[in-house]
file my_file.txt (compact mmCIF, C-alpha atoms)
# COMPACT_ATOMS: atom_id res chain seq x y z
CA MET O 1 -161.04 -25.24 -9.85
CA ALA O 2 -163.54 -27.62 -8.28
CA GLY O 3 -165.70 -26.61 -5.33
CA ARG O 4 -164.08 -23.25 -4.83
CA SER O 5 -165.66 -19.97 -3.74
CA LEU O 6 -165.50 -16.78 -5.79
CA GLY O 7 -164.09 -14.17 -4.79
CA GLN O 8 -149.12 -3.18 -12.00
CA ALA O 9 -146.17 -4.36 -12.99
CA VAL O 10 -148.36 -5.11 -15.94
CA ALA O 11 -147.29 -5.81 -19.48
CA THR O 12 -149.58 -4.44 -22.17
CA VAL O 13 -150.08 -5.26 -25.79
CA SER O 14 -151.68 -2.83 -28.18
CA LEU O 15 -154.51 -4.44 -30.12
CA SER O 16 -157.06 -3.14 -32.57
CA VAL O 17 -159.90 -4.37 -30.39
CA ALA O 18 -160.05 -1.35 -28.10
CA LEU O 19 -162.75 0.87 -26.77
CA ALA O 20 -162.46 4.40 -28.15
CA SER O 21 -158.95 3.89 -29.58
CA VAL O 22 -157.26 2.92 -26.36
CA THR O 23 -154.72 0.31 -25.33
CA VAL O 24 -155.91 -3.23 -24.81
CA ARG O 25 -154.31 -5.82 -22.58
CA SER O 26 -154.37 -9.52 -23.20
CA SER O 27 -155.96 -12.26 -21.11
CA ALA O 28 -157.53 -15.62 -20.40
CA CYS O 29 -160.60 -17.98 -20.49
CA ARG O 30 -162.33 -20.74 -18.61
CA ALA O 31 -165.61 -22.54 -18.93
CA VAL O 32 -168.18 -23.11 -16.21
CA PRO O 33 -169.67 -26.41 -15.09
CA ALA O 34 -172.48 -25.23 -12.83
CA PRO O 35 -173.28 -25.27 -10.05
CA ARG O 36 -169.68 -25.33 -8.90
CA ASN O 37 -167.43 -22.31 -8.74
CA THR O 38 -165.23 -23.34 -11.61
CA PHE O 39 -165.58 -20.15 -13.51
CA PRO O 40 -163.23 -19.53 -16.39
CA THR O 41 -161.38 -16.38 -17.26
CA CYS O 42 -161.88 -15.57 -20.87
CA GLY O 43 -161.32 -12.84 -23.45
CA PHE O 44 -159.41 -9.60 -23.83
CA HIS O 45 -158.30 -7.34 -21.01
CA LEU O 46 -158.96 -3.66 -21.24
CA ASN O 47 -156.75 -0.86 -19.99
CA ALA O 48 -157.81 0.83 -16.76
CA ASN O 49 -158.07 4.23 -18.34
CA ILE O 50 -161.09 3.17 -20.40
CA MET O 51 -162.99 1.54 -17.57
CA SER O 52 -164.91 4.65 -16.53
CA GLY O 53 -166.93 4.57 -19.72
CA SER O 54 -166.48 5.07 -23.43
CA ASN O 55 -168.16 7.17 -26.06
CA GLY O 56 -168.31 4.15 -28.28
CA ALA O 57 -166.57 0.98 -29.34
CA LYS O 58 -164.71 0.10 -32.47
CA GLU O 59 -165.50 -3.04 -34.40
CA ASN O 60 -164.69 -6.27 -32.49
CA SER O 61 -164.19 -4.45 -29.19
CA HIS O 62 -165.97 -5.68 -26.07
CA ASN O 63 -167.12 -8.50 -28.32
CA LYS O 64 -167.20 -11.68 -26.26
CA ALA O 65 -169.37 -10.02 -23.61
CA ARG O 66 -172.03 -9.38 -26.26
CA THR O 67 -172.25 -12.87 -27.78
CA SER O 68 -175.40 -15.01 -27.82
CA PRO O 69 -176.67 -17.38 -26.71
CA TYR O 70 -175.37 -16.80 -23.21
CA PRO O 71 -173.05 -19.71 -22.17
CA GLY O 72 -174.89 -22.77 -20.86
CA SER O 73 -178.30 -21.42 -21.86
CA LYS O 74 -180.57 -20.45 -24.74
CA VAL O 75 -180.79 -16.86 -23.54
CA GLU O 76 -180.28 -14.29 -26.28
CA ARG O 77 -178.81 -10.94 -25.28
CA SER O 78 -180.30 -7.70 -26.51
CA GLN O 79 -178.12 -6.62 -29.41
CA VAL O 80 -175.67 -3.83 -28.61
CA PRO O 81 -174.06 -2.15 -31.65
CA ASN O 82 -170.42 -1.13 -31.36
CA GLU O 83 -171.23 2.57 -31.23
CA LYS O 84 -173.53 2.09 -28.22
CA VAL O 85 -171.34 -0.06 -25.97
CA GLY O 86 -170.07 2.89 -23.94
CA TRP O 87 -172.21 4.15 -21.07
CA LEU O 88 -171.52 7.76 -22.04
CA VAL O 89 -173.53 7.20 -25.21
CA GLU O 90 -177.17 8.04 -24.50
CA TRP O 91 -179.53 5.17 -25.38
CA GLN O 92 -183.01 5.63 -23.93
CA ASP O 93 -184.38 2.53 -25.68
CA TYR O 94 -181.72 0.20 -24.24
CA ASN O 95 -183.63 -2.85 -22.96
CA PRO O 96 -181.22 -5.57 -21.74
CA VAL O 97 -182.43 -9.09 -20.95
CA GLU O 98 -182.45 -10.13 -17.27
CA TYR O 99 -180.76 -13.47 -16.57
CA THR O 100 -179.12 -15.17 -13.62
CA ALA O 101 -178.49 -18.92 -13.85
CA VAL O 102 -180.48 -21.29 -11.63
CA SER O 103 -177.20 -22.62 -10.24
CA VAL O 104 -176.38 -19.12 -8.96
CA LEU O 105 -179.86 -18.40 -7.64
CA ALA O 106 -179.70 -21.65 -5.65
CA GLY O 107 -177.41 -19.79 -3.25
CA PRO O 108 -174.16 -21.80 -3.25
CA GLN O 109 -171.39 -20.65 -0.94
CA TRP O 110 -169.48 -19.01 -3.76
CA ALA O 111 -172.39 -16.81 -4.90
CA ASP O 112 -173.92 -13.58 -3.62
CA PRO O 113 -177.64 -13.34 -2.80
CA GLN O 114 -179.90 -11.30 -5.04
CA ILE O 115 -179.55 -7.53 -4.62
CA SER O 116 -183.20 -7.35 -3.56
CA GLU O 117 -182.71 -9.57 -0.49
CA SER O 118 -183.08 -7.53 2.68
CA ASN O 119 -180.14 -9.15 4.49
CA PHE O 120 -177.68 -8.45 1.65
CA SER O 121 -175.80 -5.13 1.81
CA PRO O 122 -172.64 -5.49 -0.28
CA LYS O 123 -169.84 -2.95 0.05
CA PHE O 124 -168.95 -2.28 -3.55
CA ASN O 125 -165.57 -0.84 -4.53
CA GLU O 126 -163.97 -2.08 -1.30
CA LYS O 127 -163.01 -5.20 0.61
CA ASP O 128 -166.30 -6.62 1.87
CA GLY O 129 -165.31 -8.96 4.70
CA HIS O 130 -163.35 -11.70 2.93
CA VAL O 131 -164.88 -10.90 -0.46
CA GLU O 132 -162.84 -8.59 -2.69
CA ARG O 133 -165.25 -6.22 -4.43
CA LYS O 134 -162.59 -3.75 -5.57
CA SER O 135 -161.82 -3.76 -9.27
CA GLN O 136 -158.24 -3.92 -10.53
CA ASN O 137 -159.23 -1.20 -12.98
CA GLY O 138 -160.35 1.34 -10.39
CA LEU O 139 -163.76 2.53 -9.22
CA TYR O 140 -166.88 1.33 -10.99
CA GLU O 141 -170.29 3.00 -10.84
CA ILE O 142 -173.36 1.76 -8.97
CA GLU O 143 -176.76 2.29 -10.59
CA ASN O 144 -180.06 1.34 -8.91
CA GLY O 145 -178.08 -0.63 -6.34
CA ARG O 146 -176.25 -2.69 -8.96
CA PRO O 147 -172.62 -2.36 -10.05
CA ARG O 148 -172.18 -1.31 -13.69
CA ASN O 149 -169.77 -3.08 -16.03
CA PRO O 150 -166.91 -0.59 -16.54
CA ALA O 151 -166.33 -1.71 -20.14
CA GLY O 152 -169.86 -0.94 -21.27
CA ARG O 153 -173.18 -2.49 -22.19
CA THR O 154 -173.52 -6.24 -22.76
CA GLY O 155 -177.20 -6.61 -23.58
CA LEU O 156 -177.85 -8.59 -20.40
CA VAL O 157 -178.38 -7.67 -16.74
CA GLY O 158 -178.20 -9.86 -13.66
CA ARG O 159 -175.23 -12.17 -13.08
CA GLY O 160 -175.59 -14.96 -15.60
CA LEU O 161 -173.23 -17.71 -14.46
CA LEU O 162 -171.08 -15.44 -12.31
CA GLY O 163 -171.48 -15.64 -8.56
CA ARG O 164 -170.51 -12.12 -7.50
CA TRP O 165 -172.11 -8.81 -8.31
CA GLY O 166 -169.36 -6.64 -9.75
CA PRO O 167 -165.86 -8.06 -10.30
CA ASN O 168 -165.28 -11.84 -10.14
CA HIS O 169 -161.57 -12.39 -9.56
CA ALA O 170 -159.47 -15.17 -11.10
CA ALA O 171 -155.77 -16.08 -11.41
CA ASP O 172 -153.83 -17.75 -14.23
CA PRO O 173 -150.39 -19.39 -13.68
CA ILE O 174 -148.14 -19.53 -16.74
CA ILE O 175 -145.36 -22.05 -16.05
CA THR O 176 -142.42 -21.93 -18.48
CA ARG O 177 -139.04 -23.54 -19.15
CA TRP O 178 -136.51 -23.54 -22.00
CA LYS O 179 -136.73 -26.31 -24.56
CA ARG O 180 -133.56 -28.41 -24.35
CA ASP O 181 -131.88 -31.15 -26.37
CA GLU O 182 -130.83 -34.55 -24.99
CA SER O 183 -127.59 -33.02 -23.71
CA GLY O 184 -129.46 -30.37 -21.75
CA ASN O 185 -128.55 -27.49 -24.05
CA LYS O 186 -131.13 -24.84 -24.83
CA ILE O 187 -132.55 -25.12 -28.35
CA THR O 188 -132.65 -22.10 -30.63
CA HIS O 189 -135.17 -21.63 -33.41
CA PRO O 190 -133.52 -22.00 -36.85
CA VAL O 191 -135.17 -18.86 -38.26
CA SER O 192 -135.41 -16.34 -35.42
CA GLY O 193 -132.23 -17.55 -33.69
CA LYS O 194 -133.90 -17.15 -30.31
CA TYR O 195 -134.25 -19.79 -27.62
CA ILE O 196 -137.54 -21.71 -27.68
CA LEU O 197 -139.69 -21.36 -24.57
CA GLN O 198 -142.23 -23.96 -23.48
CA PHE O 199 -145.27 -23.64 -21.20
CA VAL O 200 -147.61 -26.05 -19.45
CA ALA O 201 -150.91 -26.22 -21.34
CA ILE O 202 -154.12 -28.04 -20.49
CA LYS O 203 -156.84 -29.28 -22.84
CA ARG O 204 -160.22 -28.22 -21.52
CA LYS O 205 -162.81 -30.95 -21.06
CA ASP O 206 -165.63 -28.52 -21.74
CA CYS O 207 -164.51 -27.09 -25.07
CA GLY O 208 -161.63 -29.32 -26.20
CA GLU O 209 -159.26 -26.38 -26.69
CA TRP O 210 -155.78 -25.95 -25.24
CA ALA O 211 -155.44 -23.28 -22.58
CA ILE O 212 -153.48 -21.92 -19.63
CA PRO O 213 -154.47 -23.48 -16.27
CA GLY O 214 -156.30 -21.18 -13.88
CA GLY O 215 -159.38 -20.49 -11.79
CA MET O 216 -161.21 -18.36 -9.28
CA VAL O 217 -159.73 -16.70 -6.20
CA ASP O 218 -161.40 -17.88 -2.98
CA PRO O 219 -162.59 -15.22 -0.50
CA GLY O 220 -159.65 -14.19 1.64
CA GLU O 221 -157.21 -16.18 -0.48
CA LYS O 222 -153.94 -14.64 -1.69
CA ILE O 223 -153.36 -14.64 -5.43
CA SER O 224 -150.15 -16.63 -4.95
CA ALA O 225 -152.13 -19.37 -3.20
CA THR O 226 -154.74 -19.45 -5.97
CA LEU O 227 -152.07 -19.75 -8.65
CA LYS O 228 -150.40 -22.64 -6.86
CA ARG O 229 -153.69 -24.41 -6.07
CA GLU O 230 -155.08 -24.15 -9.59
CA PHE O 231 -151.88 -25.42 -11.18
CA GLY O 232 -151.81 -28.37 -8.78
CA GLU O 233 -155.44 -29.26 -9.43
CA GLU O 234 -155.39 -28.97 -13.23
CA ALA O 235 -151.83 -29.88 -14.22
CA LEU O 236 -150.86 -32.31 -11.44
CA ASN O 237 -154.25 -33.84 -10.53
CA SER O 238 -153.64 -33.01 -6.88
CA LEU O 239 -157.31 -33.41 -5.93
CA GLN O 240 -157.13 -37.17 -6.56
CA LYS O 241 -153.87 -37.81 -4.71
CA SER O 242 -153.37 -39.42 -1.31
CA SER O 243 -152.41 -37.28 1.68
CA ALA O 244 -148.77 -38.31 1.34
CA GLU O 245 -148.76 -37.56 -2.40
CA LYS O 246 -150.39 -34.19 -1.80
CA ARG O 247 -147.68 -33.26 0.71
CA GLU O 248 -144.98 -34.21 -1.78
CA ILE O 249 -146.64 -32.18 -4.54
CA GLU O 250 -147.03 -29.21 -2.19
CA GLU O 251 -143.30 -29.25 -1.37
CA LYS O 252 -142.34 -29.30 -5.04
CA LEU O 253 -144.86 -26.60 -5.91
CA HIS O 254 -143.43 -24.44 -3.15
CA ALA O 255 -140.03 -24.67 -4.82
CA LEU O 256 -141.51 -23.80 -8.23
CA PHE O 257 -143.62 -20.88 -7.03
CA SER O 258 -140.76 -19.49 -4.95
CA GLN O 259 -138.79 -18.80 -8.14
CA GLU O 260 -138.53 -15.51 -9.97
CA HIS O 261 -141.83 -14.54 -11.59
CA LEU O 262 -143.45 -11.84 -13.72
CA VAL O 263 -146.93 -10.39 -13.39
CA ILE O 264 -148.07 -10.38 -17.00
CA TYR O 265 -151.49 -8.82 -16.60
CA LYS O 266 -154.02 -7.57 -14.06
CA GLY O 267 -157.50 -6.40 -14.92
CA TYR O 268 -160.81 -6.69 -16.73
CA VAL O 269 -161.54 -9.60 -19.06
CA ASP O 270 -163.91 -9.52 -22.03
CA ASP O 271 -165.62 -12.79 -21.12
CA PRO O 272 -168.78 -14.31 -22.67
CA ARG O 273 -170.26 -14.69 -19.18
CA ASN O 274 -170.00 -10.98 -18.39
CA THR O 275 -173.17 -8.97 -17.87
CA ASP O 276 -173.96 -5.33 -17.20
CA ASN O 277 -173.70 -6.10 -13.46
CA ALA O 278 -171.06 -8.85 -13.15
CA TRP O 279 -167.74 -9.34 -14.95
CA MET O 280 -164.48 -11.28 -14.90
CA GLU O 281 -161.07 -9.89 -13.88
CA THR O 282 -157.84 -11.84 -13.69
CA GLU O 283 -154.17 -11.73 -12.74
CA ALA O 284 -151.81 -13.71 -14.97
CA VAL O 285 -148.37 -14.55 -13.55
CA ASN O 286 -145.42 -16.24 -15.25
CA TYR O 287 -143.26 -18.56 -13.14
CA HIS O 288 -140.13 -19.53 -15.04
CA ASP O 289 -138.04 -22.63 -14.27
CA GLU O 290 -134.72 -21.43 -15.70
CA THR O 291 -132.82 -24.73 -15.33
CA GLY O 292 -135.84 -27.01 -15.76
CA GLU O 293 -134.80 -29.05 -12.74
CA THR O 294 -137.82 -28.12 -10.60
CA MET O 295 -140.36 -29.16 -13.21
CA ASP O 296 -138.39 -32.32 -14.00
CA ASN O 297 -139.31 -33.46 -10.49
CA LEU O 298 -143.02 -32.93 -11.13
CA THR O 299 -145.06 -35.37 -13.23
CA LEU O 300 -147.73 -33.66 -15.29
CA GLU O 301 -151.14 -35.29 -14.92
CA ALA O 302 -154.42 -33.74 -16.00
CA GLY O 303 -157.00 -33.23 -13.28
CA ASP O 304 -160.19 -31.38 -12.36
CA ASP O 305 -161.65 -29.89 -15.58
CA ALA O 306 -158.50 -30.56 -17.65
CA GLY O 307 -158.64 -33.53 -20.01
CA LYS O 308 -154.97 -33.46 -21.01
CA VAL O 309 -151.81 -31.62 -20.01
CA LYS O 310 -148.43 -31.25 -21.70
CA TRP O 311 -145.49 -28.96 -22.45
CA VAL O 312 -146.10 -26.85 -25.56
CA ASP O 313 -143.56 -24.89 -27.61
CA ILE O 314 -144.32 -21.17 -27.66
CA SER O 315 -144.77 -19.52 -31.07
CA ASP O 316 -147.23 -17.43 -33.03
CA GLN O 317 -148.64 -20.66 -34.47
CA LEU O 318 -150.38 -21.48 -31.19
CA LYS O 319 -154.16 -21.73 -31.29
CA LEU O 320 -155.30 -21.36 -27.69
CA TYR O 321 -158.62 -20.80 -26.00
CA ALA O 322 -159.88 -17.22 -25.93
CA SER O 323 -156.99 -14.74 -25.69
CA HIS O 324 -154.51 -17.02 -23.96
CA SER O 325 -152.23 -16.67 -26.98
CA GLN O 326 -151.86 -13.00 -26.08
CA PHE O 327 -150.66 -13.92 -22.60
CA ILE O 328 -148.11 -16.27 -24.09
CA LYS O 329 -146.97 -13.64 -26.57
CA LEU O 330 -146.27 -11.25 -23.71
CA VAL O 331 -144.29 -13.92 -21.87
CA ALA O 332 -142.17 -14.57 -24.99
CA GLU O 333 -141.44 -10.86 -25.25
CA LYS O 334 -140.46 -10.54 -21.59
CA ARG O 335 -138.23 -13.63 -21.78
CA ASP O 336 -136.73 -12.59 -25.15
CA ALA O 337 -137.77 -15.99 -26.50
CA HIS O 338 -138.78 -17.13 -29.97
CA TRP O 339 -142.24 -16.07 -31.07
CA SER O 340 -142.41 -15.57 -34.82
CA GLU O 341 -140.45 -16.72 -37.87
CA ASP O 342 -140.85 -13.18 -39.13
CA ARG O 343 -137.45 -11.72 -38.30
CA ALA O 344 -138.77 -8.18 -38.64
CA ALA O 345 -141.49 -8.87 -36.10
CA ASP O 346 -139.03 -10.35 -33.62
CA SER O 347 -136.62 -7.45 -34.03
CA ARG O 348 -139.40 -4.89 -33.50
CA GLY O 349 -140.64 -6.62 -30.36
CA LEU O 350 -144.19 -7.78 -29.73

call {"tool": "encode", "arguments": {"input": "my_file.txt", "output": "structure tokens"}}
result
Amino acid sequence: MAGRSLGQAVATVSLSVALASVTVRSSACRAVPAPRNTFPTCGFHLNANIMSGSNGAKENSHNKARTSPYPGSKVERSQVPNEKVGWLVEWQDYNPVEYTAVSVLAGPQWADPQISESNFSPKFNEKDGHVERKSQNGLYEIENGRPRNPAGRTGLVGRGLLGRWGPNHAADPIITRWKRDESGNKITHPVSGKYILQFVAIKRKDCGEWAIPGGMVDPGEKISATLKREFGEEALNSLQKSSAEKREIEEKLHALFSQEHLVIYKGYVDDPRNTDNAWMETEAVNYHDETGETMDNLTLEAGDDAGKVKWVDISDQLKLYASHSQFIKLVAEKRDAHWSEDRAADSRGL
């Protein structure tokens, strides 16, 4: 994700962490080495029909976006109780902290200017030149010239570590294959009886946790290009390769990303870097190598902000960064692969 600018065939999973008893969708997370645009996608995704505001929030909903201290700082958010997260709840004494990181205020290419600057007139809720300011969850409100987080209050205004006012778009590639024995036969799980699916996981340098590769969408960049680029940078170390090696990797990635794929999720992410005026959204896509032959021709090598990379068996025992386990759970469901040793759970679906 290094040095990059910011910018529904959707599977859903019902979780208890919802605003006003609504459906929640699962998602992703990344950490942010400023001042580069390596922003992570992190947290739970919320259904579009709750993005216009909520009368309140149940316990643990919209939680990551209310945590303190704010990432990479000692800034403490104003506390927002669950029942006052929603904008429809009147709260005259609401007094959020103002914070935008120095790395963002320095004016890097991937960041917007301050709203107060006279030469900055962003076109919210639409395509603004090459910058996508439309939300995947529909229209968001503008208050005093600033976009308002559609999921509710966070206790902090400004942009924090995020470069764009409003939605900050990311993409997460989930690359999978079937686990096979030495003879090339697919392996079934002894309890569930279902085939075992594997995915490419990276170990984050910043937090030491295993995660799905991914990163920010550059202005004007197609999601498919972002997915391919991020996977190459983090799982194949493409940034450190020679020109000839990069061409070879690009050819093999083209074959992989030309295969059948599933859009697992599009939308808002409950991310610890979110503020009242800037938030993360992502699109997670599963590319499946049915025979395994394409990935056999690619050598995994950690790069960029990934410390390690490897194939990981998919199951409910996975402990992944943020809500990446929810992404993987959805993939297992769609691929009818092993997830849990609980036969009842597998038979009911995820």

call {"tool": "atom_distance", "arguments": {"input": "my_file.txt", "atom1": "CA of Asp112 (chain O)", "atom2": "CA of Cys207 (chain O)"}}
result
27.0 Å

call {"tool": "closest_atom_pairs", "arguments": {"input": "my_file.txt", "of": "region 180-226 of chain O", "to": "region 107-111 of chain O", "cutoff": "12 Å", "atoms": "only C-alpha atoms", "output": "Markdown table"}}
result
| residue | atom | partner | partner_atom | distance |
| --- | --- | --- | --- | --- |
| O:Met216 | CA | O:Trp110 | CA | 10.0 |
| O:Val217 | CA | O:Trp110 | CA | 10.3 |
| O:Asp218 | CA | O:Trp110 | CA | 8.2 |
| O:Pro219 | CA | O:Trp110 | CA | 8.5 |

call {"tool": "atom_distance", "arguments": {"input": "my_file.txt", "atom1": "CA of Leu318 (chain O)", "atom2": "CA of His62 (chain O)"}}
result
22.8 Å

call {"tool": "atom_distance", "arguments": {"input": "my_file.txt", "atom1": "CA of Leu330 (chain O)", "atom2": "CA of Ile264 (chain O)"}}
result
7.0 Å

call {"tool": "residues_around", "arguments": {"input": "my_file.txt", "residues": "region 222-238 of chain O", "least_positions_apart": "4", "cutoff": "6 Å", "atoms": "only C-alpha atoms", "output": "list of chain:residue names"}}
result
O:Ala171, O:Pro173, O:Gly214, O:Val217, O:Leu300, O:Glu301, O:Ala302, O:Gly303, O:Asp304, O:Ala306

call {"tool": "build_atoms", "arguments": {"input": "my_file.txt", "residues": "region 157-176 of chain O", "atoms": "N, CA and C atoms", "output": "PDB file, keeping the file's coordinate frame"}}
result
ATOM      1  N   VAL O 157    -178.567  -8.073 -18.130  1.00  0.00           N
ATOM      2  CA  VAL O 157    -178.380  -7.670 -16.740  1.00  0.00           C
ATOM      3  C   VAL O 157    -178.564  -8.882 -15.839  1.00  0.00           C
ATOM      4  N   GLY O 158    -178.222  -8.720 -14.561  1.00  0.00           N
ATOM      5  CA  GLY O 158    -178.200  -9.860 -13.660  1.00  0.00           C
ATOM      6  C   GLY O 158    -176.765 -10.359 -13.540  1.00  0.00           C
ATOM      7  N   ARG O 159    -176.588 -11.626 -13.235  1.00  0.00           N
ATOM      8  CA  ARG O 159    -175.230 -12.170 -13.080  1.00  0.00           C
ATOM      9  C   ARG O 159    -174.910 -13.318 -14.018  1.00  0.00           C
ATOM     10  N   GLY O 160    -175.885 -13.830 -14.739  1.00  0.00           N
ATOM     11  CA  GLY O 160    -175.590 -14.960 -15.600  1.00  0.00           C
ATOM     12  C   GLY O 160    -175.052 -16.123 -14.794  1.00  0.00           C
ATOM     13  N   LEU O 161    -173.890 -16.605 -15.159  1.00  0.00           N
ATOM     14  CA  LEU O 161    -173.230 -17.710 -14.460  1.00  0.00           C
ATOM     15  C   LEU O 161    -172.252 -17.249 -13.391  1.00  0.00           C
ATOM     16  N   LEU O 162    -172.051 -15.955 -13.272  1.00  0.00           N
ATOM     17  CA  LEU O 162    -171.080 -15.440 -12.310  1.00  0.00           C
ATOM     18  C   LEU O 162    -171.698 -15.294 -10.928  1.00  0.00           C
ATOM     19  N   GLY O 163    -170.946 -15.636  -9.914  1.00  0.00           N
ATOM     20  CA  GLY O 163    -171.480 -15.640  -8.560  1.00  0.00           C
ATOM     21  C   GLY O 163    -171.550 -14.282  -7.895  1.00  0.00           C
ATOM     22  N   ARG O 164    -170.594 -13.411  -8.189  1.00  0.00           N
ATOM     23  CA  ARG O 164    -170.510 -12.120  -7.500  1.00  0.00           C
ATOM     24  C   ARG O 164    -171.086 -10.996  -8.340  1.00  0.00           C
ATOM     25  N   TRP O 165    -171.777 -10.078  -7.680  1.00  0.00           N
ATOM     26  CA  TRP O 165    -172.110  -8.810  -8.310  1.00  0.00           C
ATOM     27  C   TRP O 165    -170.813  -8.020  -8.425  1.00  0.00           C
ATOM     28  N   GLY O 166    -170.592  -7.386  -9.555  1.00  0.00           N
ATOM     29  CA  GLY O 166    -169.360  -6.640  -9.750  1.00  0.00           C
ATOM     30  C   GLY O 166    -168.237  -7.549 -10.229  1.00  0.00           C
ATOM     31  N   PRO O 167    -166.990  -7.262  -9.822  1.00  0.00           N
ATOM     32  CA  PRO O 167    -165.860  -8.060 -10.300  1.00  0.00           C
ATOM     33  C   PRO O 167    -165.814  -9.466  -9.700  1.00  0.00           C
ATOM     34  N   ASN O 168    -165.504 -10.445 -10.544  1.00  0.00           N
ATOM     35  CA  ASN O 168    -165.280 -11.840 -10.140  1.00  0.00           C
ATOM     36  C   ASN O 168    -163.816 -12.136 -10.439  1.00  0.00           C
ATOM     37  N   HIS O 169    -163.023 -12.335  -9.400  1.00  0.00           N
ATOM     38  CA  HIS O 169    -161.570 -12.390  -9.560  1.00  0.00           C
ATOM     39  C   HIS O 169    -161.028 -13.796  -9.795  1.00  0.00           C
ATOM     40  N   ALA O 170    -160.107 -13.899 -10.756  1.00  0.00           N
ATOM     41  CA  ALA O 170    -159.470 -15.170 -11.100  1.00  0.00           C
ATOM     42  C   ALA O 170    -157.956 -14.997 -11.150  1.00  0.00           C
ATOM     43  N   ALA O 171    -157.235 -16.116 -11.304  1.00  0.00           N
ATOM     44  CA  ALA O 171    -155.770 -16.080 -11.410  1.00  0.00           C
ATOM     45  C   ALA O 171    -155.319 -17.163 -12.375  1.00  0.00           C
ATOM     46  N   ASP O 172    -154.316 -16.839 -13.192  1.00  0.00           N
ATOM     47  CA  ASP O 172    -153.830 -17.750 -14.230  1.00  0.00           C
ATOM     48  C   ASP O 172    -152.307 -17.941 -14.136  1.00  0.00           C
ATOM     49  N   PRO O 173    -151.834 -19.133 -13.741  1.00  0.00           N
ATOM     50  CA  PRO O 173    -150.390 -19.390 -13.680  1.00  0.00           C
ATOM     51  C   PRO O 173    -149.830 -19.843 -15.026  1.00  0.00           C
ATOM     52  N   ILE O 174    -148.806 -19.152 -15.491  1.00  0.00           N
ATOM     53  CA  ILE O 174    -148.140 -19.530 -16.740  1.00  0.00           C
ATOM     54  C   ILE O 174    -146.763 -20.076 -16.369  1.00  0.00           C
ATOM     55  N   ILE O 175    -146.605 -21.386 -16.442  1.00  0.00           N
ATOM     56  CA  ILE O 175    -145.360 -22.050 -16.050  1.00  0.00           C
ATOM     57  C   ILE O 175    -144.507 -22.303 -17.290  1.00  0.00           C
ATOM     58  N   THR O 176    -143.266 -21.807 -17.287  1.00  0.00           N
ATOM     59  CA  THR O 176    -142.420 -21.930 -18.480  1.00  0.00           C
ATOM     60  C   THR O 176    -141.045 -22.531 -18.148  1.00  0.00           C
TER      61      THR O 176
END
